[in-house]
Each structure stands twice: as C-alpha cells, then as structure tokens.
>>> print(open('protein-v2.txt').read())   # compact mmCIF, C-alpha atoms
# COMPACT_ATOMS: atom_id res chain seq x y z
CA MET G 167 16.13 35.03 -32.42
CA GLU G 168 17.32 33.94 -35.85
CA ASN G 169 19.31 31.06 -34.31
CA TYR G 170 16.19 29.92 -32.45
CA ALA G 171 14.19 29.90 -35.69
CA ASN G 172 16.86 27.73 -37.33
CA ILE G 173 16.79 25.24 -34.42
CA VAL G 174 13.01 24.94 -34.60
CA HIS G 175 13.20 23.89 -38.24
CA GLN G 176 15.89 21.26 -37.67
CA PRO G 177 14.81 17.55 -37.87
CA ILE G 178 16.53 16.87 -34.57
CA PHE G 179 14.15 19.32 -32.90
CA PHE G 180 11.09 17.41 -34.10
CA LEU G 181 12.66 14.15 -32.99
CA PHE G 182 13.22 15.62 -29.55
CA ILE G 183 9.61 16.82 -29.34
CA GLY G 184 8.31 13.43 -30.51
CA PHE G 185 10.54 11.57 -28.06
CA SER G 186 9.43 13.77 -25.18
CA PHE G 187 5.80 13.19 -26.12
CA LEU G 188 6.32 9.41 -26.11
CA LEU G 189 8.01 9.54 -22.69
CA THR G 190 5.12 11.59 -21.30
CA LEU G 191 2.59 9.21 -22.82
CA GLY G 192 4.53 6.27 -21.38
CA TYR G 193 4.59 7.87 -17.94
CA PHE G 194 0.82 8.12 -17.69
CA TRP G 195 0.26 4.71 -19.31
CA GLY G 196 2.73 3.09 -16.93
CA ARG G 197 1.27 4.63 -13.79
CA ARG G 198 -2.22 3.57 -14.87
CA SER G 199 -1.04 0.01 -15.63
CA ASN G 200 0.75 -0.33 -12.29
CA ARG G 201 -2.26 1.07 -10.44
CA ARG G 202 -4.47 -1.53 -12.09
CA ILE G 203 -2.13 -4.37 -11.08
CA TYR G 204 -1.73 -3.44 -7.41
CA GLN G 205 -5.39 -2.49 -6.90
CA SER G 206 -6.50 -5.77 -8.44
CA ALA G 207 -4.04 -7.73 -6.26
CA PHE G 208 -5.03 -6.00 -3.02
CA ASN G 209 -8.76 -6.23 -3.79
CA ASP G 210 -8.33 -9.96 -4.39
CA LEU G 211 -6.53 -10.38 -1.06
CA VAL G 212 -9.30 -8.51 0.75
CA ASP G 213 -11.96 -10.68 -0.92
CA VAL G 214 -10.22 -13.86 0.28
CA VAL G 215 -9.11 -12.76 3.77
CA LYS G 216 -12.20 -10.67 4.57
CA PRO G 217 -10.30 -8.61 7.18
CA ASP G 218 -11.88 -6.77 10.08
CA ASP G 219 -9.55 -3.84 9.48
CA GLN G 220 -7.02 -2.89 6.82
CA THR G 221 -4.42 -0.28 5.92
CA PHE G 222 -2.76 0.45 2.59
CA THR G 223 0.51 2.35 2.20
CA ASN G 224 2.47 3.67 -0.75
CA ILE G 225 6.11 2.74 -0.19
CA GLY G 226 7.65 3.54 -3.56
CA GLY G 227 5.84 6.02 -5.79
CA ALA G 228 4.34 4.10 -8.71
CA VAL G 229 6.23 0.87 -8.01
CA GLY G 230 5.77 -0.05 -4.34
CA PHE G 231 2.71 -0.62 -2.16
CA HIS G 232 2.02 -2.36 1.15
CA ALA G 233 -1.14 -3.73 2.75
CA ASN G 234 -1.95 -4.85 6.30
CA LEU G 235 -5.08 -6.95 6.70
CA PHE G 236 -6.12 -7.58 10.32
CA VAL G 237 -8.22 -10.60 11.26
CA LYS G 238 -9.90 -10.41 14.67
CA LYS G 239 -12.58 -13.08 14.27
CA LYS G 240 -12.43 -16.01 16.70
CA GLY G 241 -11.69 -19.42 15.25
CA THR G 242 -9.56 -18.22 12.37
CA PRO G 243 -5.96 -19.55 12.31
CA PHE G 244 -4.64 -16.17 11.14
CA SER G 245 -4.22 -12.91 13.03
CA ARG G 246 -2.90 -10.80 10.18
CA VAL G 247 -1.96 -10.90 6.52
CA ASP G 248 0.63 -8.49 5.14
CA ALA G 249 1.34 -7.97 1.47
CA THR G 250 4.03 -6.01 -0.33
CA ILE G 251 3.94 -5.52 -4.06
CA THR G 252 6.86 -4.18 -6.11
CA LEU G 253 6.19 -3.40 -9.74
CA LEU G 254 8.27 -2.88 -12.84
CA PRO G 255 8.75 0.85 -13.63
CA ARG G 256 6.27 0.91 -16.50
CA HIS G 257 6.04 4.68 -16.16
CA SER G 258 9.74 5.05 -17.06
CA TRP G 259 10.26 3.69 -20.57
CA LEU G 260 13.97 4.49 -20.42
CA TYR G 261 14.58 2.34 -17.35
CA LEU G 262 11.93 -0.34 -17.99
CA PRO G 263 14.09 -2.55 -20.30
CA ILE G 264 16.93 -2.55 -17.75
CA SER G 265 14.52 -3.38 -14.92
CA LYS G 266 13.06 -6.27 -16.91
CA LEU G 267 16.53 -7.71 -17.39
CA ILE G 268 17.38 -7.42 -13.70
CA ARG G 269 14.06 -8.04 -11.93
CA LYS G 270 12.20 -9.79 -14.77
CA TYR G 271 8.69 -9.41 -13.36
CA ASP G 272 6.39 -7.82 -10.79
CA ARG G 273 6.53 -9.33 -7.29
CA LEU G 274 3.92 -9.93 -4.63
CA PHE G 275 5.16 -11.03 -1.19
CA ILE G 276 2.48 -12.23 1.22
CA THR G 277 3.10 -12.94 4.92
CA LEU G 278 0.48 -14.81 6.93
CA TYR G 279 0.72 -14.49 10.72
CA LEU G 280 -0.45 -17.73 12.32
CA LYS G 281 -1.90 -18.02 15.83
CA LYS G 282 -0.24 -21.43 16.16
CA PRO G 283 3.05 -22.48 14.54
CA PRO G 284 3.16 -24.85 11.57
CA SER G 285 4.06 -28.43 12.48
CA GLU G 286 7.42 -28.07 10.69
CA GLU G 287 9.31 -25.94 8.20
CA ALA G 288 8.46 -26.68 4.59
CA HIS G 289 8.94 -25.06 1.19
CA LEU G 290 7.56 -25.47 -2.28
CA ILE G 291 9.67 -23.24 -4.51
CA GLU G 292 9.92 -22.97 -8.28
CA SER G 293 13.32 -24.02 -9.59
CA LYS G 294 14.21 -20.85 -11.52
CA TYR G 295 12.96 -18.54 -8.78
CA SER G 296 15.06 -20.42 -6.20
CA LYS G 297 18.18 -19.12 -7.96
CA PHE G 298 17.26 -15.44 -7.53
CA MET G 299 18.91 -13.31 -4.89
CA GLY G 300 16.92 -13.28 -1.67
CA SER G 301 15.13 -16.58 -2.28
CA LYS G 302 17.70 -18.83 -0.61
CA ILE G 303 16.31 -21.30 1.95
CA GLU G 304 18.57 -21.16 5.00
CA ASN G 305 17.63 -24.53 6.51
CA ALA G 306 17.49 -26.44 3.24
CA HIS G 307 20.33 -28.73 4.34
CA LEU G 308 18.30 -29.85 7.38
CA MET G 309 15.30 -31.01 5.34
CA HIS G 310 14.51 -33.73 2.84
CA HIS G 311 14.40 -32.54 -0.75
CA GLU G 312 12.55 -33.67 -3.84
CA THR G 313 11.97 -32.11 -7.24
CA VAL G 314 8.38 -32.30 -8.42
CA LYS G 315 6.66 -31.34 -11.64
CA TRP G 316 3.81 -28.92 -11.10
CA GLU G 317 2.11 -28.66 -14.47
CA ASN G 318 4.95 -27.48 -16.76
CA LEU G 319 7.26 -26.09 -14.05
CA ASP G 320 9.86 -27.76 -11.84
CA PHE G 321 9.48 -27.11 -8.11
CA HIS G 322 11.77 -27.99 -5.21
CA LEU G 323 9.91 -29.50 -2.29
CA TYR G 324 11.57 -29.30 1.15
CA TYR G 325 10.08 -31.11 4.16
CA SER G 326 11.00 -33.03 7.33
CA SER G 327 8.21 -35.55 7.80
CA ARG G 328 6.30 -37.95 5.60
CA GLU G 329 3.09 -36.32 6.78
CA MET G 330 4.12 -32.91 5.45
CA LEU G 331 5.25 -34.45 2.18
CA GLU G 332 1.84 -36.04 1.71
CA LYS G 333 0.07 -32.78 2.60
CA MET G 334 2.04 -30.83 0.01
CA GLN G 335 1.63 -33.52 -2.64
CA ALA G 336 -2.12 -33.54 -1.96
CA PHE G 337 -2.20 -29.75 -2.38
CA ILE G 338 -0.44 -30.00 -5.75
CA LYS G 339 -2.78 -32.76 -6.88
CA LYS G 340 -5.84 -30.75 -5.89
CA ASN G 341 -4.48 -27.62 -7.60
CA PRO G 342 -2.92 -28.90 -10.85
CA ALA G 343 -1.69 -25.50 -12.10
CA PRO G 344 0.75 -23.27 -10.15
CA GLY G 345 -0.24 -20.26 -12.24
CA ILE G 346 1.41 -17.21 -10.69
CA ILE G 347 2.70 -19.06 -7.58
CA ARG G 348 6.48 -19.33 -7.23
CA HIS G 349 7.06 -20.03 -3.52
CA ILE G 350 5.05 -21.31 -0.55
CA ALA G 351 6.83 -21.49 2.81
CA LEU G 352 5.98 -22.51 6.37
CA VAL G 353 8.29 -21.28 9.15
CA PRO G 354 7.41 -22.54 12.67
CA GLU G 355 10.00 -20.39 14.49
CA GLN G 356 8.28 -17.25 13.21
CA LYS G 357 4.71 -18.63 13.30
CA LYS G 358 4.35 -17.48 9.72
CA GLY G 359 3.52 -18.64 6.26
CA PHE G 360 5.03 -16.95 3.21
CA ILE G 361 3.83 -16.82 -0.37
CA PHE G 362 5.51 -15.30 -3.39
CA MET G 363 3.51 -14.64 -6.55
CA ILE G 364 3.87 -12.82 -9.85
CA PRO G 365 0.80 -10.56 -9.58
CA LYS G 366 -1.46 -10.35 -12.60
CA PRO G 367 -4.84 -8.61 -12.75
CA ASP G 368 -7.76 -10.80 -11.65
CA GLN G 369 -5.53 -13.81 -10.88
CA VAL G 370 -4.31 -13.30 -7.31
CA ALA G 371 -7.50 -14.53 -5.61
CA ARG G 372 -7.66 -17.56 -7.88
CA TYR G 373 -4.25 -18.82 -6.73
CA PHE G 374 -4.08 -17.32 -3.24
CA ALA G 375 -7.40 -18.67 -1.96
CA PRO G 376 -6.44 -22.39 -2.19
CA ILE G 377 -3.21 -21.73 -0.23
CA TYR G 378 -5.03 -19.61 2.35
CA HIS G 379 -7.53 -22.40 3.01
CA TRP G 380 -4.87 -25.16 2.94
CA LEU G 381 -2.34 -23.63 5.33
CA PRO G 382 -4.34 -24.34 8.52
CA SER G 383 -3.92 -28.08 7.85
CA ALA G 384 -0.18 -27.64 8.42
CA VAL G 385 -0.66 -25.89 11.78
CA LYS G 386 -0.32 -27.72 15.11
CA GLY G 387 -3.55 -28.68 16.79
>>> encode(input="protein-v2.txt", output="structure tokens")
Amino acid sequence: MENYANIVHQPIFFLFIGFSFLLTLGYFWGRRSNRRIYQSAFNDLVDVVKPDDQTFTNIGGAVGFHANLFVKKKGTPFSRVDATITLLPRHSWLYLPISKLIRKYDRLFITLYLKKPPSEEAHLIESKYSKFMGSKIENAHLMHHETVKWENLDFHLYYSSREMLEKMQAFIKKNPAPGIIRHIALVPEQKKGFIFMIPKPDQVARYFAPIYHWLPSAVKG
C-alpha cells in the first residue's frame, strides 16, 4: 500500500494520466471528425445521383465505409454508383502521423456503372497521384498522352481519338478548378467510369456533379 502511495505522487504517474486522457479525447474527436467527413461525402453523392435505392456499409470501423446507390429510372445512362471511402485514423493519435506519411490523405473511390460503354478508354489523372501505388494505368502505352495544367496542378491526359481529347479539354475549360479531383477514368471493357477524390466536408457534390453530368457525353449512342 505504501509503494502504491509513492507511485501516485510520482511525476511520471501524472504524465501517464494526462497522456491517457489526451488519447481518449483524441479517440472521440477523431471518430466524430471521420463521421462528419464520410456522412457529408455520402449525402452529397445521394443529392447528385438521387438513387431509387441505397445501402451503406461499415467496412473498417472508424476508417472505412461503402455505399451502393441504385438507379432504376429509365433514360438515365447509369444503373448504379458505388463509393468507398477510406479515412485517416484520426481516432488513433499514435498511428495518425505514420498514416499521414504513408497514405497522406483521405480517399474517396467512386465507380459509375454505365448502361452503355464509353466510346474509348480515357484518363485524366493528377501527376503526383499517378505515382502512388494502385494508380497505374495499364493501357497507358496504347493511348496518346499529354500533360495539361488544370488550375495549379499538372494532370496527365490519356486518350485515343481527337474527339475524346476535345471532350476532356472542354470539360477542363468549363470547370477551371480540379478542387478535390485527382483521377477521372473511362473503361469501355468494364462499362464503367471511375473517379478518385480527396473527400472534404461539403465539397464532394460541388466537384462530383459536373463529372456525373459530363460522363454521358463519352458514352456510345
């Protein structure tokens, strides 16, 4: 009992208590911050897509969530929109600095299922993001390539036809700021469009909506 009393009065004990309190505070702050980011992102997607049905799934505690948005209306070029968001571990202050070094930022992957295939494969991908693991474009060597300036960022533009080049250039001109967009892809073989964004509260709809409304122009008639 006497030894316990001595430990309680040691400075190291108070440091331990204070550190534990900070970690607990960080845990709740981080979970709340991540919840705000993914709920804002998914609400924005729903507002743009206006699905007939939807499901949301937790796939990774406080850092991973998935959404399926089903579109059944006639006349729409899309049948479904899937979204997966992976977030930095803001609830774990010990691991957060390491995660920021490795992963750098939150990630929102959007897959658009098209009823008709795009006219050709095409990519608009930010230069720095193109160097990350998992962002390699397999058929890059089969397409024409140009580097374009989109506001203050360099983007690689991959295309096969002059028509697609002009469509993508027109999209950039009409939307002068990439904002949180880092990759837009059209893949005919899969009848899909892909979008990668860095999700930020209240910004997903702003940058997703123009792509969502532009993509049908790249689909075969």
>>> residues_around(input="protein-v2.txt", residues="Trp195 (chain G)", least_positions_apart="6", cutoff="10 Å", atoms="all atoms listed in the file", output="PyMOL selection string")
chain G and resi 189+201+256-258
>>> closest_residue(input="protein-v2.txt", among="G:Thr252, G:Thr277, G:Ser293, G:Asn224", to="Ile377 (chain G)", atoms="all atoms listed in the file")
G:Thr277
>>> residues_near_point(input="protein-v2.txt", point="(-7.8, -3.8, -5.0)", cutoff="12 Å", atoms="only C-alpha atoms", output="MDAnalysis selection string")
chainID G and resid 200:214 220:222 231:233 249 251 365:371
>>> residues_near_point(input="protein-v2.txt", point="(7.3, -7.9, -5.4)", cutoff="8 Å", atoms="all atoms listed in the file", output="list of chain:residue names")
G:Thr250, G:Ile251, G:Thr252, G:Leu253, G:Asp272, G:Arg273, G:Leu274, G:Phe275, G:Phe362, G:Met363, G:Ile364
>>> write_last_selection(input="protein-v2.txt", atoms="C-alpha atoms", output="mmCIF file, in the coordinates of the input")
data_model
loop_
_atom_site.group_PDB
_atom_site.id
_atom_site.type_symbol
_atom_site.label_atom_id
_atom_site.label_comp_id
_atom_site.auth_asym_id
_atom_site.auth_seq_id
_atom_site.Cartn_x
_atom_site.Cartn_y
_atom_site.Cartn_z
ATOM 1 C CA THR G 250 4.030 -6.010 -0.330
ATOM 2 C CA ILE G 251 3.940 -5.520 -4.060
ATOM 3 C CA THR G 252 6.860 -4.180 -6.110
ATOM 4 C CA LEU G 253 6.190 -3.400 -9.740
ATOM 5 C CA ASP G 272 6.390 -7.820 -10.790
ATOM 6 C CA ARG G 273 6.530 -9.330 -7.290
ATOM 7 C CA LEU G 274 3.920 -9.930 -4.630
ATOM 8 C CA PHE G 275 5.160 -11.030 -1.190
ATOM 9 C CA PHE G 362 5.510 -15.300 -3.390
ATOM 10 C CA MET G 363 3.510 -14.640 -6.550
ATOM 11 C CA ILE G 364 3.870 -12.820 -9.850
#
>>> residues_around(input="protein-v2.txt", residues="Arg246 (chain G)", least_positions_apart="4", cutoff="12 Å", atoms="all atoms listed in the file", output="MDAnalysis selection string")
chainID G and resid 211:212 215:221 233:239 242 276:281 357:359 378
>>> closest_residue(input="protein-v2.txt", among="G:Pro354, G:Pro376, G:Pro284, G:Gly345", to="Pro243 (chain G)", atoms="only C-alpha atoms")
G:Pro284
>>> residues_around(input="protein-v2.txt", residues="Glu287 (chain G)", least_positions_apart="3", cutoff="9 Å", atoms="only C-alpha atoms", output="PyMOL selection string")
chain G and resi 284+305+309+324-326+351-355
>>> closest_residue(input="protein-v2.txt", among="G:Ile291, G:Val247, G:Trp316, G:Arg197", to="Ala336 (chain G)", atoms="only C-alpha atoms")
G:Trp316
>>> closest_residue(input="protein-v2.txt", among="G:Leu331, G:Ile346, G:Val385, G:Ala375", to="Leu290 (chain G)", atoms="all atoms listed in the file")
G:Leu331
>>> atom_distance(input="protein-v2.txt", atom1="CA of Ile225 (chain G)", atom2="CA of Lys266 (chain G)")
20.2 Å
>>> closest_residue(input="protein-v2.txt", among="G:His322, G:Ser383, G:Ala228, G:Pro255", to="Pro283 (chain G)", atoms="all atoms listed in the file")
G:Ser383
>>> atom_distance(input="protein-v2.txt", atom1="CA of Leu323 (chain G)", atom2="CA of Ile268 (chain G)")
26.0 Å
>>> closest_residue(input="protein-v2.txt", among="G:Ile178, G:Ile303, G:Ile361, G:Ile350", to="Ile338 (chain G)", atoms="all atoms listed in the file")
G:Ile350
